[in-house]
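J.: Here it is: the structure, laid out below.
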Amino acid sequence: MVAKTERRDQVRASLEKQPHEVASMFDGVAKRYDITNTVISGGQDIYWRKATRKALGLRPGERVLDLAAGTGVSTVEFGKSGAWVVATDFSKDMLAAGQWRQVPMVAGDAMALPFADESFDAVTINYGLRNVADPDLALREMLRVTKPGGRLVVAEFSTPTFGPFRTVYMEYLMKALPKVARAVSSNPDAYVYLAESIRAWPTQPQLALRIADAGWSSVKWRNLSGGAVALHRGYKLG
């Protein structure tokens with residue numbers, strides 16, 4: 001179950017990933033979320049966002065859903081393509097923390113998206129699918145709101161492919177990351193959940209199969225940072 005203290009921002013979700021628990025946890029880290037991500041990733045988050053934008057292959061005038069967008073930092077990056085991009089997240093405090101970015105924002109649950117069928121040319125979810133209680137349902141919802149011929153890019157923490165690096169990476173996740181988070185985050189316990197959820201997440205081939213099973217076609221992936229992050233891409237057939 002979720003662990004709570006007297007402070008509202010000290011919330012840590014469990015791997016059961018109950019939506020209200022996860023939303024509360026992200027509400028608690030919203031104010032320092034962006035800087036914490038940059039610190040714990042060693043600045044790699046900037047490179048990962050640019051790589052995701054390129055993988056989406058966006059064109060001016062296209063309509064794009066940036067799901068689990070948090071404070072909208074990724075939405076701004078994707079908007080550099082000239083596409084119209086809407087940020088959606090189920091943490092209202094995360095969206096509120098990014099209101100100054102002046103991008104379209106809609107509160108919504110990945111398992112029941114508040115959009116009509118075939119609304120978007122492309123959909124992306126960045127480091128958020130892992131936090132959804134039913135990722136397969138979310139993948140089907142993303143398919144529903146995508147136009148025929150549209151595409152999906154899932155950016156998610158993954159499994160490093162080189163054995164020695166994988167060992168070092170897992171040691172960092174479970175030991176060093178929570179210590180770093182204590183120095184910069186308003187809720188360090190949330191990053192213990194982050195480490196545990198990454199360790200329990202499917203490998204690249206396993207996730208590709210789940211994306212395909214949800215109805216997406218031609219699913220492939222590309223590793224970033226030695227496989228610490230993977231970009232999975234798929235298409236919706238017409």
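Residue names in the structure tokens use chain letters A, B, ... in the order shown, residue numbers from 1 in each chain, and ligand numbers from 1 in the order shown.
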Would you write out, as CSV, a table of all residues in range 94-130 of chain A that have an atom no more than 9 Å from an atom of range 24-45 of chain A, listing for each the closest atom pair and the distance in Å to one decimal, considering only C-alpha atoms and ordering rows by chain and rising residue number?
T.:
residue,atom,partner,partner_atom,distance
A:Met94,CA,A:Ala30,CA,4.8
A:Leu95,CA,A:Ala30,CA,8.3
A:Ala96,CA,A:Ala30,CA,8.5
A:Ala97,CA,A:Lys31,CA,6.0
A:Gly98,CA,A:Ala30,CA,8.8
J.: Save the residues we just selected, N, CA and C atoms, as a PDB file, in the first residue's frame?
T.:
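The resulting result_37.pdb:
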ATOM      1  N   MET A  94       1.224  18.311 -11.243  1.00  0.00           N
ATOM      2  CA  MET A  94       2.297  18.322 -12.236  1.00  0.00           C
ATOM      3  C   MET A  94       1.948  19.291 -13.361  1.00  0.00           C
ATOM      4  N   LEU A  95       0.727  19.208 -13.865  1.00  0.00           N
ATOM      5  CA  LEU A  95       0.302  20.121 -14.923  1.00  0.00           C
ATOM      6  C   LEU A  95       0.342  21.567 -14.432  1.00  0.00           C
ATOM      7  N   ALA A  96      -0.093  21.783 -13.204  1.00  0.00           N
ATOM      8  CA  ALA A  96      -0.098  23.141 -12.648  1.00  0.00           C
ATOM      9  C   ALA A  96       1.318  23.696 -12.541  1.00  0.00           C
ATOM     10  N   ALA A  97       2.269  22.842 -12.202  1.00  0.00           N
ATOM     11  CA  ALA A  97       3.661  23.279 -12.067  1.00  0.00           C
ATOM     12  C   ALA A  97       4.255  23.700 -13.403  1.00  0.00           C
ATOM     13  N   GLY A  98       3.655  23.238 -14.499  1.00  0.00           N
ATOM     14  CA  GLY A  98       4.168  23.589 -15.814  1.00  0.00           C
ATOM     15  C   GLY A  98       3.310  24.567 -16.579  1.00  0.00           C
TER      16      GLY A  98
END
J.: Which of range 154-234 of chain A end up as strand (DSSP E) when DSSP is run on this backbone - answer as a PyMOL selection string?
T.: chain A and resi 154-157+217-224+229-234
J.: Identify, with DSSP run on backbone atoms, the residues in range 9-137 of chain A assigned to helix (DSSP H, G or I), and express the list as a VMD selection string.
T.: chain A and resid 19 to 40 44 to 56 73 to 79 92 to 97 99 to 101 129 to 131 135 to 137
J.: For range 111-128 of chain A, please output as a list in words all residues within 7 Å (counting only C-alpha atoms; exclusion window: fewer than 5 positions along the same chain).
T.: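 The residues satisfying every condition are Glu62, Arg63, Val64, Leu65, Asp66, Leu67, Ala68, Leu137, Ala138, Glu141, Met142, Arg144, Val145, Thr146, Lys147, Gly150, Arg151, Leu152, Val153, Val154, Ala155, Glu156 and Phe157 of chain A.
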J.: CA of Tyr191 in chain A and CA of Val103 in chain A are how many Å apart?
T.: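 Result for CA of Tyr191 in chain A versus CA of Val103 in chain A: 27.0 Å, one decimal.
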J.: Take CA of Gly215 in chain A and CA of Ala55 in chain A and report the distance between them in Å, one decimal.
T.: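 Between CA of Gly215 in chain A and CA of Ala55 in chain A the gap works out to 19.5 Å.
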